[in-house]
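Below is one structure, written out as structure tokens; the observations come after it.
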Amino acid sequence: MERVDGRKLRFQHRRGEVLAAATEHALEKGLDDLSLRKVAESVGVSHATLVHHFASKDRLVAEIVDRVLAETLSLPDMPRDDPDPLRAIWRRAVSESGRRYVRLFVAITGHAMYGDPALTKAVADSMRQRNDLIAAGLVRYGCPESRAQAVATSLMSTLRGLFVDLLATGDEQRVSAAFDDFAADVQRRVLDGFS
């Protein structure tokens, strides 16, 4: 019979709380100075507790990345039959609270491009998962399965570009108009059966 460590059981319920606090730390301070000790201090837990839950900085960063990408590129509480999910994602992303996630998302993606191994893998894995979710949604909207991954990639790439433009320029009117043009084109494609 396997022996159960009582300490693990005592803190098991706090994992989500600790991840939320660590994500908040990254949203406020970015990833440049991220260390388990700094996060533990900011979150109000011991370094040992953080190591217990995440084992390493790489694992913590991977989970923060996944959480940030999930918040930025999806609406977990959105009804499956939402008539305009793309606009719902955009509204959420450009809201005051959403912009915090978008800013960190852009920073994470930038760090990943410079080859930080923890971020590169975490971003790639999470982006594939988001792409799969969007592709599945597109199939529900009538996109042929053979084209769903390519269309989902195009959607995600356009949204990323618009997010970066908005954050870099602050030109909300111009970027929102570009999004409206993009969304109208997607709507036409849906109505035309993605032909």
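Here, A, B, ... name the chains of the structure tokens in the order displayed, residue numbers run from 1 inside each chain, and ligands are numbered from 1 in the same displayed order.
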
Q) Neighbours of region 93-96 of chain A within 9 Å (only C-alpha atoms; same-chain residues fewer than 4 positions away dropped), as an NGL selection string? A) :A and (71-73 or 88-89 or 100-102 or 163 or 166)

(Q) Which residues are near Asp84 (chain A)? Cut-off 12 Å, only C-alpha atoms, ignore same chain within fewer than 6 positions. Put them as a ChimeraX atom specification. (A) /A:75,78,90-91,137-138,141,180,183-184,186-187,190

Q: Find the residues near Phe194 (chain A): any atom within 8 Å, counting only C-alpha atoms, skip ones fewer than 5 places away on the same chain, and give them as a PyMOL selection string.
A: chain A and resi 142-144+189

Please tabulate, as JSON lines, the residues of region 100-134 of chain A that come within 12 Å of region 12-30 of chain A, each with its closest pair of atoms and the distance in Å to one decimal, counting only C-alpha atoms and ordering rows by chain, then residue number upward.
{"residue": "A:Arg100", "atom": "CA", "partner": "A:Leu27", "partner_atom": "CA", "distance": 6.3}
{"residue": "A:Tyr101", "atom": "CA", "partner": "A:Leu27", "partner_atom": "CA", "distance": 6.7}
{"residue": "A:Val102", "atom": "CA", "partner": "A:Leu27", "partner_atom": "CA", "distance": 9.5}
{"residue": "A:Arg103", "atom": "CA", "partner": "A:Leu27", "partner_atom": "CA", "distance": 8.1}
{"residue": "A:Leu104", "atom": "CA", "partner": "A:Leu27", "partner_atom": "CA", "distance": 6.0}
{"residue": "A:Phe105", "atom": "CA", "partner": "A:Leu27", "partner_atom": "CA", "distance": 9.3}
{"residue": "A:Val106", "atom": "CA", "partner": "A:Gly30", "partner_atom": "CA", "distance": 10.6}
{"residue": "A:Ala107", "atom": "CA", "partner": "A:Gly30", "partner_atom": "CA", "distance": 7.6}
{"residue": "A:Ile108", "atom": "CA", "partner": "A:Gly30", "partner_atom": "CA", "distance": 8.6}
{"residue": "A:Gly110", "atom": "CA", "partner": "A:Gly30", "partner_atom": "CA", "distance": 11.9}
{"residue": "A:His111", "atom": "CA", "partner": "A:Gly30", "partner_atom": "CA", "distance": 10.8}

Q: Step one, run DSSP on the backbone; step two, keep only residues of region 49-104 of chain A assigned to alpha helix (DSSP H); then write them as a count of residues only.
A: 42

Q) Which is closest to Arg128 (chain A) among A:Arg160, A:Gly98, A:Met113, A:Asp66, if we use only C-alpha atoms? A) A:Asp66

**Q.** Nearby residues (only C-alpha atoms) at most 12 Å from Ala40 (chain A), same-chain spacing under 3 positions excluded, as a PyMOL selection string
**A.** chain A and resi 18-19+21-23+25-26+34-37+43-54+57+60

Next, dump the selected residues to file, keeping only N, CA and C atoms, as a PDB file, in the first residue's frame.
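The file below, result-v2.pdb, is the result:
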ATOM      1  N   VAL A  18      -2.825  29.260  -5.701  1.00  0.00           N
ATOM      2  CA  VAL A  18      -1.430  29.653  -5.880  1.00  0.00           C
ATOM      3  C   VAL A  18      -1.161  29.995  -7.349  1.00  0.00           C
ATOM      4  N   LEU A  19      -1.700  29.205  -8.286  1.00  0.00           N
ATOM      5  CA  LEU A  19      -1.518  29.492  -9.711  1.00  0.00           C
ATOM      6  C   LEU A  19      -2.172  30.820 -10.082  1.00  0.00           C
ATOM      7  N   ALA A  21      -2.642  33.386  -8.139  1.00  0.00           N
ATOM      8  CA  ALA A  21      -1.818  34.451  -7.567  1.00  0.00           C
ATOM      9  C   ALA A  21      -0.514  34.616  -8.353  1.00  0.00           C
ATOM     10  N   ALA A  22       0.091  33.511  -8.777  1.00  0.00           N
ATOM     11  CA  ALA A  22       1.323  33.583  -9.573  1.00  0.00           C
ATOM     12  C   ALA A  22       1.042  34.233 -10.923  1.00  0.00           C
ATOM     13  N   THR A  23      -0.108  33.937 -11.512  1.00  0.00           N
ATOM     14  CA  THR A  23      -0.494  34.560 -12.776  1.00  0.00           C
ATOM     15  C   THR A  23      -0.693  36.057 -12.577  1.00  0.00           C
ATOM     16  N   HIS A  25       0.778  37.875 -10.372  1.00  0.00           N
ATOM     17  CA  HIS A  25       2.134  38.421 -10.234  1.00  0.00           C
ATOM     18  C   HIS A  25       2.742  38.681 -11.617  1.00  0.00           C
ATOM     19  N   ALA A  26       2.617  37.720 -12.522  1.00  0.00           N
ATOM     20  CA  ALA A  26       3.167  37.866 -13.870  1.00  0.00           C
ATOM     21  C   ALA A  26       2.434  38.960 -14.644  1.00  0.00           C
ATOM     22  N   LEU A  34      10.862  36.957 -13.270  1.00  0.00           N
ATOM     23  CA  LEU A  34      10.117  35.875 -12.636  1.00  0.00           C
ATOM     24  C   LEU A  34      11.059  34.838 -12.038  1.00  0.00           C
ATOM     25  N   SER A  35      10.911  34.596 -10.763  1.00  0.00           N
ATOM     26  CA  SER A  35      11.634  33.512 -10.092  1.00  0.00           C
ATOM     27  C   SER A  35      10.678  32.909  -9.075  1.00  0.00           C
ATOM     28  N   LEU A  36      10.902  31.654  -8.729  1.00  0.00           N
ATOM     29  CA  LEU A  36      10.022  31.011  -7.753  1.00  0.00           C
ATOM     30  C   LEU A  36      10.043  31.763  -6.424  1.00  0.00           C
ATOM     31  N   ARG A  37      11.209  32.221  -6.006  1.00  0.00           N
ATOM     32  CA  ARG A  37      11.298  32.939  -4.732  1.00  0.00           C
ATOM     33  C   ARG A  37      10.503  34.243  -4.763  1.00  0.00           C
ATOM     34  N   VAL A  43       3.128  36.092  -3.634  1.00  0.00           N
ATOM     35  CA  VAL A  43       1.886  35.339  -3.439  1.00  0.00           C
ATOM     36  C   VAL A  43       1.594  35.098  -1.960  1.00  0.00           C
ATOM     37  N   GLY A  44       2.649  35.108  -1.140  1.00  0.00           N
ATOM     38  CA  GLY A  44       2.449  34.886   0.288  1.00  0.00           C
ATOM     39  C   GLY A  44       2.499  33.429   0.698  1.00  0.00           C
ATOM     40  N   VAL A  45       3.269  32.649  -0.057  1.00  0.00           N
ATOM     41  CA  VAL A  45       3.486  31.250   0.318  1.00  0.00           C
ATOM     42  C   VAL A  45       4.987  31.024   0.412  1.00  0.00           C
ATOM     43  N   SER A  46       5.361  29.911   0.968  1.00  0.00           N
ATOM     44  CA  SER A  46       6.792  29.614   1.057  1.00  0.00           C
ATOM     45  C   SER A  46       7.310  29.131  -0.289  1.00  0.00           C
ATOM     46  N   HIS A  47       8.604  29.269  -0.475  1.00  0.00           N
ATOM     47  CA  HIS A  47       9.256  28.760  -1.676  1.00  0.00           C
ATOM     48  C   HIS A  47       9.002  27.258  -1.798  1.00  0.00           C
ATOM     49  N   ALA A  48       9.056  26.556  -0.677  1.00  0.00           N
ATOM     50  CA  ALA A  48       8.835  25.100  -0.672  1.00  0.00           C
ATOM     51  C   ALA A  48       7.426  24.756  -1.155  1.00  0.00           C
ATOM     52  N   THR A  49       6.430  25.552  -0.775  1.00  0.00           N
ATOM     53  CA  THR A  49       5.059  25.303  -1.225  1.00  0.00           C
ATOM     54  C   THR A  49       4.964  25.470  -2.734  1.00  0.00           C
ATOM     55  N   LEU A  50       5.599  26.497  -3.254  1.00  0.00           N
ATOM     56  CA  LEU A  50       5.576  26.732  -4.694  1.00  0.00           C
ATOM     57  C   LEU A  50       6.271  25.586  -5.431  1.00  0.00           C
ATOM     58  N   VAL A  51       7.408  25.145  -4.919  1.00  0.00           N
ATOM     59  CA  VAL A  51       8.125  24.019  -5.522  1.00  0.00           C
ATOM     60  C   VAL A  51       7.270  22.752  -5.438  1.00  0.00           C
ATOM     61  N   HIS A  52       6.588  22.571  -4.320  1.00  0.00           N
ATOM     62  CA  HIS A  52       5.715  21.399  -4.162  1.00  0.00           C
ATOM     63  C   HIS A  52       4.639  21.359  -5.249  1.00  0.00           C
ATOM     64  N   HIS A  53       4.033  22.500  -5.509  1.00  0.00           N
ATOM     65  CA  HIS A  53       2.945  22.537  -6.489  1.00  0.00           C
ATOM     66  C   HIS A  53       3.417  22.508  -7.932  1.00  0.00           C
ATOM     67  N   PHE A  54       4.583  23.108  -8.216  1.00  0.00           N
ATOM     68  CA  PHE A  54       4.982  23.266  -9.611  1.00  0.00           C
ATOM     69  C   PHE A  54       6.331  22.650  -9.962  1.00  0.00           C
ATOM     70  N   LYS A  57      10.536  26.342 -11.999  1.00  0.00           N
ATOM     71  CA  LYS A  57      10.115  27.600 -12.628  1.00  0.00           C
ATOM     72  C   LYS A  57       9.530  27.298 -14.006  1.00  0.00           C
ATOM     73  N   LEU A  60       5.958  26.158 -13.679  1.00  0.00           N
ATOM     74  CA  LEU A  60       5.100  27.277 -13.293  1.00  0.00           C
ATOM     75  C   LEU A  60       4.862  28.188 -14.490  1.00  0.00           C
TER      76      LEU A  60
END

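Here CA of Asp116 (chain A) and CA of Leu159 (chain A) stand 23.4 Å from one another.
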